[in-house]
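Structure file final_12.csv (CSV, C-alpha atoms) is printed below.
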```csv
chain,number,residue,atom,x,y,z
M,1,MET,CA,-15.8,-20.4,97.3
M,2,ALA,CA,-15.3,-21.0,101.0
M,3,GLY,CA,-12.5,-23.5,100.2
M,4,ILE,CA,-10.8,-21.0,97.8
M,5,ALA,CA,-11.1,-18.3,100.5
M,6,ALA,CA,-9.3,-20.6,103.0
M,7,LEU,CA,-6.6,-21.3,100.4
M,8,ALA,CA,-6.3,-17.6,99.7
M,9,THR,CA,-5.8,-16.9,103.4
M,10,ALA,CA,-3.1,-19.6,103.5
M,11,TYR,CA,-1.4,-18.0,100.6
M,12,ILE,CA,-1.5,-14.6,102.4
M,13,LEU,CA,0.4,-16.4,105.2
M,14,SER,CA,2.8,-17.9,102.7
M,15,GLN,CA,3.7,-14.5,101.3
M,16,PHE,CA,4.1,-13.1,104.8
M,17,TYR,CA,6.5,-15.9,105.8
M,18,ARG,CA,8.7,-15.5,102.8
M,19,SER,CA,9.2,-11.8,103.3
M,20,PHE,CA,9.0,-10.8,107.0
M,21,LEU,CA,12.7,-11.3,107.7
M,22,ALA,CA,13.5,-7.9,106.1
M,23,VAL,CA,11.6,-6.1,108.8
M,24,LEU,CA,12.9,-8.3,111.7
M,25,THR,CA,16.5,-8.1,110.5
M,26,PRO,CA,17.6,-5.4,113.1
M,27,VAL,CA,16.0,-7.1,116.1
M,28,LEU,CA,17.3,-10.6,115.1
M,29,THR,CA,20.8,-9.2,114.6
M,30,THR,CA,20.6,-7.5,118.0
M,31,GLU,CA,19.0,-10.2,120.1
M,32,LEU,CA,20.3,-13.4,118.5
M,33,GLY,CA,23.5,-12.1,117.0
M,34,ALA,CA,22.4,-13.2,113.5
M,35,THR,CA,24.7,-12.1,110.7
M,36,LYS,CA,23.7,-10.9,107.2
M,37,ALA,CA,25.0,-14.2,105.8
M,38,GLU,CA,22.9,-16.2,108.4
M,39,LEU,CA,19.8,-14.3,107.6
M,40,SER,CA,20.4,-14.7,103.9
M,41,THR,CA,20.7,-18.4,104.5
M,42,ALA,CA,17.5,-18.4,106.6
M,43,SER,CA,15.6,-16.6,103.8
M,44,GLY,CA,17.1,-18.8,101.1
M,45,ILE,CA,16.4,-22.0,102.9
M,46,TRP,CA,12.7,-21.1,102.9
M,47,PHE,CA,12.7,-20.9,99.2
M,48,ALA,CA,15.1,-23.9,98.7
M,49,VAL,CA,12.8,-26.2,100.8
M,50,PHE,CA,9.7,-24.8,99.2
M,51,ALA,CA,11.1,-25.4,95.8
M,52,SER,CA,12.4,-28.9,96.4
M,53,MET,CA,9.0,-29.9,97.8
M,54,GLN,CA,7.2,-29.1,94.6
M,55,PHE,CA,7.9,-32.5,93.1
M,56,ALA,CA,6.3,-34.3,96.0
M,57,VAL,CA,3.5,-31.7,96.1
M,58,GLY,CA,2.8,-32.3,92.4
M,59,VAL,CA,2.5,-36.1,92.8
M,60,SER,CA,0.4,-35.6,95.9
M,61,LEU,CA,-2.0,-33.2,94.2
M,62,ASP,CA,-2.6,-35.6,91.3
M,63,ARG,CA,-3.0,-38.6,93.7
M,64,PHE,CA,-4.6,-37.3,96.9
M,65,GLY,CA,-6.0,-33.9,95.9
M,66,PRO,CA,-5.5,-30.4,97.1
M,67,ARG,CA,-7.5,-30.6,100.4
M,68,LYS,CA,-5.4,-33.2,102.2
M,69,THR,CA,-2.1,-32.1,100.6
M,70,ALA,CA,-2.4,-28.4,101.6
M,71,SER,CA,-4.0,-28.8,105.0
M,72,ILE,CA,-1.7,-31.4,106.4
M,73,MET,CA,1.5,-29.9,105.2
M,74,LEU,CA,0.5,-26.4,106.4
M,75,ALA,CA,-0.4,-27.6,109.9
M,76,ILE,CA,2.8,-29.6,110.4
M,77,GLY,CA,5.3,-27.3,108.7
M,78,GLY,CA,3.7,-23.8,108.7
M,79,ALA,CA,2.4,-23.8,112.3
M,80,GLY,CA,5.3,-25.9,113.6
M,81,GLY,CA,7.9,-23.7,112.1
M,82,ALA,CA,6.3,-20.5,113.4
M,83,PHE,CA,6.2,-21.9,116.9
M,84,LEU,CA,10.0,-22.8,116.6
M,85,PHE,CA,10.8,-19.3,115.2
M,86,ALA,CA,9.0,-17.7,118.2
M,87,ALA,CA,11.2,-19.8,120.6
M,88,ALA,CA,14.5,-19.3,118.7
M,89,SER,CA,17.5,-18.4,120.9
M,90,GLU,CA,20.2,-19.0,118.3
M,91,PRO,CA,20.5,-18.2,114.5
M,92,TRP,CA,20.4,-21.9,113.6
M,93,MET,CA,17.0,-22.2,115.1
M,94,VAL,CA,15.7,-19.4,112.8
M,95,ILE,CA,17.2,-21.2,109.8
M,96,ALA,CA,15.5,-24.5,110.9
M,97,ALA,CA,12.2,-22.7,111.5
M,98,MET,CA,12.3,-21.1,108.1
M,99,ALA,CA,13.0,-24.6,106.5
M,100,LEU,CA,9.9,-26.0,108.3
M,101,ILE,CA,7.7,-23.0,107.2
M,102,GLY,CA,8.9,-23.4,103.6
M,103,PHE,CA,7.8,-27.1,103.8
M,104,GLY,CA,4.4,-26.1,105.2
M,105,CYS,CA,3.7,-23.3,102.6
M,106,SER,CA,4.9,-25.3,99.6
M,107,PRO,CA,1.5,-26.7,98.5
M,108,VAL,CA,-0.8,-23.7,99.2
M,109,LEU,CA,-0.7,-21.8,95.9
M,110,MET,CA,-0.4,-25.0,93.8
M,111,ALA,CA,-3.6,-26.4,95.5
M,112,SER,CA,-5.5,-23.3,94.3
M,113,ILE,CA,-4.0,-23.4,90.7
M,114,TYR,CA,-4.7,-27.1,90.5
M,115,ILE,CA,-8.4,-26.4,91.3
M,116,PHE,CA,-8.5,-23.5,88.8
M,117,ALA,CA,-6.8,-25.6,86.0
M,118,ASN,CA,-9.2,-28.5,86.5
M,119,ALA,CA,-12.5,-26.6,87.1
M,120,HIS,CA,-12.2,-23.6,84.8
M,121,PRO,CA,-11.5,-22.9,81.1
M,122,PRO,CA,-7.7,-22.6,80.3
M,123,ALA,CA,-8.2,-19.1,78.9
M,124,ARG,CA,-9.2,-17.9,82.4
M,125,LEU,CA,-6.1,-19.4,84.2
M,126,SER,CA,-4.0,-16.2,84.0
M,127,ILE,CA,-6.8,-14.1,85.5
M,128,LEU,CA,-7.6,-16.6,88.2
M,129,ALA,CA,-4.0,-17.3,89.1
M,130,SER,CA,-3.1,-13.6,89.1
M,131,THR,CA,-6.2,-12.8,91.3
M,132,ILE,CA,-5.2,-15.2,94.0
M,133,LEU,CA,-1.6,-14.0,93.7
M,134,GLY,CA,-2.8,-10.4,94.1
M,135,VAL,CA,-4.8,-11.3,97.2
M,136,GLY,CA,-1.9,-13.3,98.6
M,137,MET,CA,0.4,-10.4,98.2
M,138,LEU,CA,-1.4,-8.8,101.1
M,139,GLY,CA,0.9,-11.0,103.1
M,140,ASN,CA,3.7,-8.9,101.9
M,141,VAL,CA,1.8,-5.8,103.1
M,142,ILE,CA,1.2,-7.4,106.6
M,143,GLY,CA,4.9,-8.3,106.7
M,144,ALA,CA,5.9,-4.6,106.2
M,145,SER,CA,5.0,-1.7,108.5
M,146,PRO,CA,2.1,-3.6,110.3
M,147,LEU,CA,4.6,-6.2,111.4
M,148,ALA,CA,7.1,-3.6,112.5
M,149,ALA,CA,4.4,-1.9,114.5
M,150,ALA,CA,3.2,-5.1,116.0
M,151,ALA,CA,6.7,-6.3,116.9
M,152,GLU,CA,7.4,-3.0,118.6
M,153,ALA,CA,4.2,-3.1,120.5
M,154,PHE,CA,4.0,-6.7,121.6
M,155,GLY,CA,7.4,-8.2,120.8
M,156,TRP,CA,8.4,-10.3,117.9
M,157,ARG,CA,8.1,-13.6,119.8
M,158,THR,CA,4.5,-12.9,120.8
M,159,VAL,CA,3.6,-11.9,117.2
M,160,LEU,CA,5.1,-15.1,115.8
M,161,THR,CA,3.3,-17.3,118.4
M,162,GLY,CA,0.0,-15.7,117.4
M,163,LEU,CA,0.7,-16.3,113.8
M,164,ALA,CA,1.5,-19.9,114.5
M,165,VAL,CA,-2.0,-20.3,116.1
M,166,VAL,CA,-3.6,-18.6,113.1
M,167,THR,CA,-1.7,-20.8,110.7
M,168,LEU,CA,-3.0,-23.9,112.5
M,169,GLY,CA,-6.5,-22.6,112.3
M,170,VAL,CA,-6.2,-21.9,108.5
M,171,ALA,CA,-5.0,-25.4,108.0
M,172,ALA,CA,-8.1,-26.8,109.8
M,173,ALA,CA,-10.3,-24.5,107.6
M,174,ILE,CA,-8.7,-25.9,104.4
M,175,TYR,CA,-9.3,-29.5,105.5
M,176,THR,CA,-12.9,-28.7,106.4
M,177,LEU,CA,-13.9,-26.4,103.5
M,178,VAL,CA,-11.9,-27.3,100.4
M,179,ARG,CA,-13.5,-29.6,97.9
M,180,ASP,CA,-11.3,-31.5,95.5
M,181,PRO,CA,-12.2,-31.1,91.8
M,182,HIS,CA,-13.6,-34.0,89.8
M,183,ILE,CA,-10.9,-35.4,87.6
M,184,ALA,CA,-11.8,-37.5,84.6
M,185,GLU,CA,-10.4,-41.0,84.8
M,186,GLU,CA,-8.4,-40.6,81.6
M,187,HIS,CA,-6.7,-37.5,83.1
M,188,ARG,CA,-5.6,-39.4,86.2
M,189,ALA,CA,-2.0,-40.5,86.3
M,190,THR,CA,-0.1,-43.1,88.3
M,191,SER,CA,3.3,-42.5,86.9
M,192,GLY,CA,4.6,-40.7,90.0
M,193,PHE,CA,7.8,-38.7,89.6
M,194,SER,CA,8.4,-40.1,86.1
M,195,GLY,CA,5.8,-37.6,84.9
M,196,TYR,CA,8.3,-34.8,85.4
M,197,LEU,CA,10.6,-36.5,82.9
M,198,ASP,CA,7.8,-36.4,80.4
M,199,LEU,CA,7.3,-32.8,81.0
M,200,MET,CA,11.0,-31.9,80.5
M,201,LYS,CA,10.7,-33.5,77.1
M,202,LEU,CA,8.4,-30.6,76.0
M,203,LYS,CA,10.7,-28.3,74.1
M,204,ALA,CA,8.1,-25.6,74.2
M,205,LEU,CA,8.8,-25.2,77.9
M,206,TRP,CA,12.5,-24.8,77.7
M,207,PRO,CA,12.8,-21.1,76.7
M,208,ILE,CA,10.0,-20.2,79.2
M,209,LEU,CA,11.6,-21.8,82.3
M,210,PRO,CA,14.6,-19.4,82.7
M,211,LEU,CA,12.3,-16.4,82.9
M,212,VAL,CA,9.9,-18.2,85.2
M,213,ALA,CA,13.0,-18.8,87.4
M,214,VAL,CA,14.2,-15.2,87.7
M,215,ASN,CA,11.2,-12.9,86.9
M,216,TYR,CA,10.0,-13.0,90.5
M,217,ALA,CA,13.4,-13.5,92.1
M,218,ALA,CA,14.6,-9.9,92.1
M,219,ALA,CA,11.4,-8.4,93.5
M,220,ALA,CA,11.0,-11.3,96.1
M,221,SER,CA,14.6,-11.3,97.2
M,222,ILE,CA,14.9,-7.5,97.6
M,223,ARG,CA,11.5,-7.2,99.2
M,224,GLY,CA,12.0,-10.2,101.5
M,225,LEU,CA,15.6,-9.8,102.5
M,226,TRP,CA,17.7,-7.0,101.1
M,227,ALA,CA,15.4,-4.0,101.3
M,228,GLY,CA,15.8,-3.8,105.1
M,229,PRO,CA,19.7,-3.9,105.2
M,230,TYR,CA,20.0,-1.7,102.1
M,231,LEU,CA,17.8,1.1,103.4
M,232,ALA,CA,19.3,0.9,106.9
M,233,ASP,CA,23.0,0.8,105.7
M,234,VAL,CA,22.7,3.4,102.9
M,235,TYR,CA,20.1,5.8,104.3
M,236,GLY,CA,20.2,5.0,108.0
M,237,ALA,CA,16.5,4.2,107.8
M,238,THR,CA,14.6,3.2,111.0
M,239,ALA,CA,12.6,0.0,111.3
M,240,LEU,CA,9.4,2.0,110.8
M,241,ALA,CA,10.8,3.7,107.6
M,242,ILE,CA,11.9,0.4,106.3
M,243,GLY,CA,8.4,-1.0,107.0
M,244,ASN,CA,6.8,1.9,105.1
M,245,ALA,CA,9.1,1.5,102.1
M,246,THR,CA,8.6,-2.2,102.0
M,247,LEU,CA,4.8,-1.7,102.4
M,248,PHE,CA,4.7,0.4,99.2
M,249,MET,CA,6.7,-2.3,97.4
M,250,ALA,CA,4.4,-5.0,98.7
M,251,LEU,CA,1.3,-3.1,97.6
M,252,SER,CA,2.9,-2.7,94.1
M,253,MET,CA,3.5,-6.4,93.9
M,254,SER,CA,-0.1,-7.1,94.8
M,255,ALA,CA,-1.3,-4.5,92.2
M,256,GLY,CA,1.1,-5.9,89.6
M,257,SER,CA,-0.5,-9.4,90.0
M,258,PHE,CA,-4.0,-8.0,89.4
M,259,ILE,CA,-2.8,-5.8,86.5
M,260,TYR,CA,-1.0,-8.6,84.7
M,261,GLY,CA,-4.0,-11.0,85.0
M,262,PRO,CA,-6.2,-9.7,82.1
M,263,LEU,CA,-3.5,-8.3,79.9
M,264,ASP,CA,-3.0,-11.5,77.9
M,265,ASN,CA,-6.6,-11.3,76.8
M,266,VAL,CA,-6.4,-7.5,76.2
M,267,PHE,CA,-3.3,-7.8,73.9
M,268,GLY,CA,-3.9,-11.3,72.6
M,269,SER,CA,-0.5,-12.5,73.7
M,270,ARG,CA,1.2,-13.8,76.9
M,271,LYS,CA,4.7,-13.7,75.6
M,272,TRP,CA,4.9,-10.1,74.6
M,273,VAL,CA,3.1,-8.8,77.8
M,274,ALA,CA,5.8,-10.7,79.8
M,275,VAL,CA,8.6,-9.3,77.7
M,276,ALA,CA,7.3,-5.7,78.2
M,277,GLY,CA,6.9,-6.0,81.9
M,278,THR,CA,10.2,-7.7,82.4
M,279,SER,CA,12.0,-5.0,80.4
M,280,ILE,CA,10.7,-2.4,82.7
M,281,SER,CA,11.8,-4.3,85.8
M,282,LEU,CA,15.3,-4.7,84.2
M,283,SER,CA,15.4,-0.9,83.5
M,284,ALA,CA,14.8,-0.2,87.2
M,285,LEU,CA,17.5,-2.7,88.3
M,286,VAL,CA,20.0,-1.2,85.8
M,287,PHE,CA,19.3,2.3,87.1
M,288,MET,CA,19.8,1.1,90.7
M,289,SER,CA,23.0,-0.7,89.7
M,290,PHE,CA,24.7,2.4,88.4
M,291,VAL,CA,23.0,5.1,90.5
M,292,PRO,CA,22.4,3.2,93.8
M,293,GLN,CA,22.5,6.0,96.2
M,294,ASN,CA,19.6,8.2,95.2
M,295,SER,CA,17.2,9.9,97.6
M,296,PHE,CA,15.2,7.7,99.9
M,297,VAL,CA,12.0,8.7,98.0
M,298,THR,CA,13.5,7.9,94.6
M,299,THR,CA,14.7,4.5,95.8
M,300,THR,CA,11.3,3.7,97.2
M,301,TRP,CA,9.7,4.5,93.8
M,302,LEU,CA,12.2,2.3,92.1
M,303,LEU,CA,11.4,-0.5,94.4
M,304,VAL,CA,7.7,0.1,93.7
M,305,VAL,CA,8.4,-0.2,89.9
M,306,LEU,CA,10.4,-3.4,90.5
M,307,GLY,CA,7.5,-4.9,92.5
M,308,LEU,CA,4.8,-3.8,90.1
M,309,CYS,CA,6.5,-5.2,86.9
M,310,GLY,CA,8.2,-8.2,88.6
M,311,SER,CA,4.8,-9.8,89.4
M,312,ALA,CA,4.2,-11.7,86.1
M,313,TYR,CA,4.1,-15.1,87.8
M,314,GLY,CA,0.4,-15.7,87.0
M,315,LEU,CA,1.0,-14.8,83.4
M,316,LEU,CA,4.0,-16.9,83.0
M,317,MET,CA,2.3,-19.8,84.7
M,318,ALA,CA,-0.6,-19.6,82.2
M,319,HIS,CA,2.0,-19.4,79.4
M,320,GLY,CA,3.7,-22.6,80.5
M,321,LYS,CA,0.5,-24.4,81.4
M,322,ALA,CA,-0.8,-24.0,77.8
M,323,PHE,CA,1.8,-26.6,76.8
M,324,ILE,CA,1.1,-29.1,79.6
M,325,PRO,CA,-1.1,-32.1,79.1
M,326,ALA,CA,-4.2,-32.5,81.3
M,327,HIS,CA,-3.2,-35.7,82.9
M,328,LEU,CA,0.0,-34.0,84.3
M,329,THR,CA,-1.6,-30.8,85.5
M,330,GLY,CA,-0.5,-31.2,89.1
M,331,ARG,CA,3.0,-32.0,88.2
M,332,GLY,CA,3.1,-29.4,85.4
M,333,VAL,CA,2.1,-26.4,87.6
M,334,THR,CA,4.5,-27.6,90.4
M,335,LEU,CA,7.3,-27.9,87.9
M,336,LEU,CA,6.8,-24.3,86.9
M,337,ASN,CA,6.5,-23.3,90.5
M,338,PHE,CA,9.7,-25.2,91.3
M,339,PHE,CA,11.6,-23.1,88.8
M,340,SER,CA,10.0,-19.9,90.1
M,341,ILE,CA,10.6,-20.5,93.8
M,342,GLY,CA,13.9,-22.4,93.2
M,343,GLY,CA,15.1,-19.3,91.3
M,344,VAL,CA,14.4,-17.1,94.3
M,345,GLY,CA,16.1,-19.6,96.7
M,346,ALA,CA,19.2,-20.0,94.5
M,347,THR,CA,19.6,-16.2,94.1
M,348,GLN,CA,19.1,-15.7,97.8
M,349,PHE,CA,22.0,-18.0,98.6
M,350,ALA,CA,24.1,-16.4,95.8
M,351,THR,CA,23.4,-12.8,96.8
M,352,GLY,CA,24.6,-13.3,100.3
M,353,ALA,CA,28.0,-14.2,98.9
M,354,VAL,CA,27.8,-11.4,96.3
M,355,VAL,CA,27.1,-8.7,98.8
M,356,THR,CA,29.6,-9.9,101.3
M,357,ALA,CA,32.4,-10.2,98.7
M,358,ALA,CA,31.7,-6.8,97.2
M,359,SER,CA,31.3,-4.9,100.4
M,360,VAL,CA,33.9,-2.3,101.3
M,361,PRO,CA,34.3,-1.1,104.9
M,362,GLY,CA,32.9,2.4,105.2
M,363,GLU,CA,31.2,2.2,101.8
M,364,PRO,CA,27.9,0.3,102.1
M,365,VAL,CA,26.9,1.2,98.6
M,366,ALA,CA,29.5,-1.1,97.0
M,367,GLY,CA,27.9,-4.4,98.1
M,368,TYR,CA,24.4,-3.3,97.1
M,369,ARG,CA,25.6,-2.1,93.7
M,370,ALA,CA,26.9,-5.6,93.1
M,371,LEU,CA,23.5,-7.0,94.2
M,372,PHE,CA,21.6,-5.0,91.6
M,373,ILE,CA,24.1,-5.7,88.9
M,374,PHE,CA,23.8,-9.5,89.7
M,375,TYR,CA,20.0,-9.4,89.3
M,376,SER,CA,20.3,-7.2,86.1
M,377,VAL,CA,22.6,-9.8,84.5
M,378,VAL,CA,20.5,-12.9,85.3
M,379,LEU,CA,17.3,-11.2,84.3
M,380,SER,CA,18.8,-10.0,81.0
M,381,VAL,CA,20.0,-13.6,80.1
M,382,ALA,CA,16.6,-15.1,81.0
M,383,LEU,CA,14.7,-12.4,78.9
M,384,PHE,CA,16.9,-13.1,75.9
M,385,VAL,CA,16.2,-16.8,76.1
M,386,TYR,CA,12.5,-16.2,76.5
M,387,LEU,CA,12.4,-14.3,73.3
M,388,PHE,CA,12.7,-17.7,71.5
M,389,SER,CA,9.6,-19.1,73.2
M,390,LYS,CA,6.4,-19.9,71.4
M,391,ASP,CA,3.5,-17.6,72.2
M,392,ALA,CA,0.3,-19.0,73.7
M,393,LYS,CA,-2.5,-16.7,72.8
M,394,PRO,CA,-5.5,-17.0,75.1
M,395,GLN,CA,-8.7,-17.9,73.2
M,396,ARG,CA,-12.1,-18.9,74.4
M,397,GLY,CA,-12.3,-22.6,74.4
M,398,GLU,CA,-8.6,-23.1,74.1
M,399,ASP,CA,-7.3,-26.4,75.3
M,400,ASP,CA,-3.9,-28.1,75.4
M,401,ALA,CA,-4.6,-30.1,72.2
M,402,SER,CA,-5.1,-26.9,70.2
M,403,LEU,CA,-1.5,-26.2,70.8
M,404,ASN,CA,-0.5,-29.5,69.3
M,405,VAL,CA,2.0,-30.1,72.1
M,406,SER,CA,0.4,-32.2,74.8
M,407,SER,CA,-0.7,-34.8,72.4
M,408,ARG,CA,2.9,-35.8,71.9
M,409,ILE,CA,3.1,-37.2,75.5
M,410,PRO,CA,1.3,-40.5,76.1
M,411,LYS,CA,-0.9,-40.7,79.1
M,412,ALA,CA,0.5,-42.7,82.0
M,413,ARG,CA,-0.9,-46.1,82.5
```
Full structure transcribed into C-alpha cells:
Amino acid sequence: MAGIAALATAYILSQFYRSFLAVLTPVLTTELGATKAELSTASGIWFAVFASMQFAVGVSLDRFGPRKTASIMLAIGGAGGAFLFAAASEPWMVIAAMALIGFGCSPVLMASIYIFANAHPPARLSILASTILGVGMLGNVIGASPLAAAAEAFGWRTVLTGLAVVTLGVAAAIYTLVRDPHIAEEHRATSGFSGYLDLMKLKALWPILPLVAVNYAAAASIRGLWAGPYLADVYGATALAIGNATLFMALSMSAGSFIYGPLDNVFGSRKWVAVAGTSISLSALVFMSFVPQNSFVTTTWLLVVLGLCGSAYGLLMAHGKAFIPAHLTGRGVTLLNFFSIGGVGATQFATGAVVTAASVPGEPVAGYRALFIFYSVVLSVALFVYLFSKDAKPQRGEDDASLNVSSRIPKAR
C-alpha cells in the first residue's frame, strides 16, 4: 500500500504538471513575453513527449518492473524539468522544461496500472484504475486556485522550485517503497518493441482506440491550456477567477473518475457506459460551440459537465485491456495510454493553429468558437467508430482467454 501511495502522489504531480500552464498564462505572457502559440506548444510538447515515451515505458515495465522505471524517470525528467522551468528566462526554456517533465511523468500512471493488472482480478481493473485517476486528479485541483494563490504570495519561480524538490522526494519514495509484482515466467516477454506490432493485429482494439485518443483530450486541453485564455479574453476574468473556475472543473474531473469506476459492474457493460458519458460531453461542447458567450457561471457549469463526463479513461483502459494477452500487459496498457495522451498532445498542437486562424481582432469569441467546434467534430467521429466495438462485460473471474482474443497471439520466445 505504501508503494501505491507513493505512485498515487507521483500521479498527482503528473496531473498538476499537465494542467498548471492555464493558471500561469498571464504571468508567463507578461514576464517572458510568451505568446499563445508558444504556450500551446509548451503544453502540447508535454503530451507529445509523454505519449512518445509510452513505447519505451511499456518495454521497461515488462523487463525491469515499475519500481525502477517510475522512480528513475521521475527523478531525472520530472524534478529536472521543474528546476529548469523555475529558472526560465525565455519561452523556449518553458517549452524545453515541459518536454523534460513530460518524460519524467510518462511512466507514473502506467506503473500503477501494471501492478493492478498483474496483482488483481481483471474485473476490478476499471475500479482500481479509476480510483487512482480520481486521486491523481487532485493535481488538477492544486494547479487551479491554490497555485494561483501560491504564485501570487511567493512568486511562480519559488513555487516551481519547491515542486521540483517535492518531485525528487516522491521519486525517492517510489524507489524505496514500491514492490514489483510477481510475474509468472510464461507471462514474461522478451520481444521488445515487436510486441506492439502483435497488439496492433488485434482487430478488437481498432474501434476502441479512436475514442481512447480523444475522450480525455477535450477536457484535458481546455482545463490545462484554453480555460485561462478563454475566460480572460471573453469575460475579462482575473487570475483568481480563472483559478476558481478551473478548480471546479478539476474537481469534476476527479469526481468523474471515481463515478465511472464501478459503473461497468453496475450496468454490466463498459461500452455503453462510455457511449453515454461521451455523448453528454459532446452535448456540452456543441452548446459551447454555438452559444460560446454565456454568463461566466453558465460557462463554468459547462466546463464542470465536460470534466465530469470526459473522465472515462479508466473505463476505456479496462475495455481495451480485456483484449490484451497477459504476456503483453505492460506494452498493452502503454499502447492505450499512448493513444490517450497522444490524442491530447496532437489536439494541443492543432488547437493553437485553429484558434489563431479563426481569431478576429476585437472579437475574441470567434477563435474559441472554432476551438469548441473542432473538439465537437473529432469527438463525434471517434464516438461513431466506437459504436462498432465489441463490448467487454466485467464478470467475476473474467480473464483474457474468456474473450477468445488474446489466445490468437503467440507468446514471445
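Comparing M:His120, M:Arg67, M:Lys203, M:Arg369 by their smallest distance to M:Val170, the closest is M:Arg67 (using all atoms listed in the file).
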Kindly assemble as CSV a list of the stretch 27-121 of chain M residues that lie within 12 Å of stretch 145-154 of chain M, each paired with its nearest atom pair and their distance in Å to one decimal, using all atoms listed in the file, sorted first by chain and then by ascending residue number.
```
residue,atom,partner,partner_atom,distance
M:Val27,CA,M:Ala151,CA,9.4
M:Leu28,CA,M:Ala151,CA,11.6
M:Ala86,CA,M:Ala151,CA,11.7
```
Item to complete: Tell me which protein, DNA and RNA residues are within 9 Å of M:Tyr235, counting all atoms listed in the file, leaving out same-chain ones fewer than 5 positions away, and put them as a ChimeraX atom specification.
Response: /M:230,293,295-296
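Residues having any atom no farther than 9 Å from (3.7, -5.1, 106.0) (counting only C-alpha atoms) are Phe16, Phe20, Val23, Leu138, Gly139, Asn140, Val141, Ile142, Gly143, Ala144, Ser145, Pro146, Leu147, Ala148, Gly243, Asn244, Thr246, Leu247, Phe248, Ala250 and Leu251 of chain M.
The space between atom CA of M:Gly342 and atom CA of M:Ala51 spans 4.9 Å.
Residues in contact with M:Lys271 at 9 Å, where all atoms listed in the file are counted and same-chain residues fewer than 5 positions away are skipped, are listed as M:Asp264, M:Ala276, M:Leu315, M:Leu316, M:His319, M:Tyr386, M:Leu387, M:Ser389, M:Lys390, M:Asp391, M:Ala392, M:Lys393.
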Next on the checklist: If we count only C-alpha atoms and set the cut-off at 8 Å, which residues sit around stretch 102-108 of chain M, ignoring sequence neighbours fewer than 2 positions away in its own chain? Please answer as a ChimeraX atom specification.
Outcome noted: /M:7,10-11,14,18,45-51,53-54,57,69-70,73-79,98-100,110-112
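Interatomic distance, atom CA of M:Glu38 against atom CA of M:Ala220: 17.8 Å.
Between atom CA of M:Asp180 and atom CA of M:Ala6 lies a distance of 13.4 Å.
If you measure from each of M:Gly320, M:Gly277, M:Gly155, M:Gly65 to M:Ala204 using all atoms listed in the file, the closest one turns out to be M:Gly320.
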One residue among M:Val365, M:Ile174, M:Ala8, M:Ala34 is nearest to M:Phe290 when using only C-alpha atoms, and that residue is M:Val365
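Across M:Ala117, M:Ala217, M:Ala322, M:Ala284, the tightest approach to M:Ala350 is made by M:Ala217 when counting all atoms listed in the file.
Distance annotation: of M:Phe388, M:Phe85, M:Tyr313, M:Tyr368, the residue with the minimal separation from M:Thr131 is M:Tyr313; atom set is only C-alpha atoms.
Comparing M:Pro66, M:Ser254, M:Ser281, M:Ser311 by their smallest distance to M:Gly134, the closest is M:Ser254 (using only C-alpha atoms).
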* To do: Write out as a ChimeraX atom specification which residues come within 12 Å of M:Met200 when counting all atoms listed in the file, dropping same-chain ones fewer than 4 positions away.
  => /M:193-196,204-209,320,323-324,328,331-332,335-336,409
Please identify all polymer residues within 8 Å of M:Leu13, counting all atoms listed in the file, omitting same-chain residues fewer than 4 positions from it, and present them as a VMD selection string.
chain M and resid 9 17 136 139 167
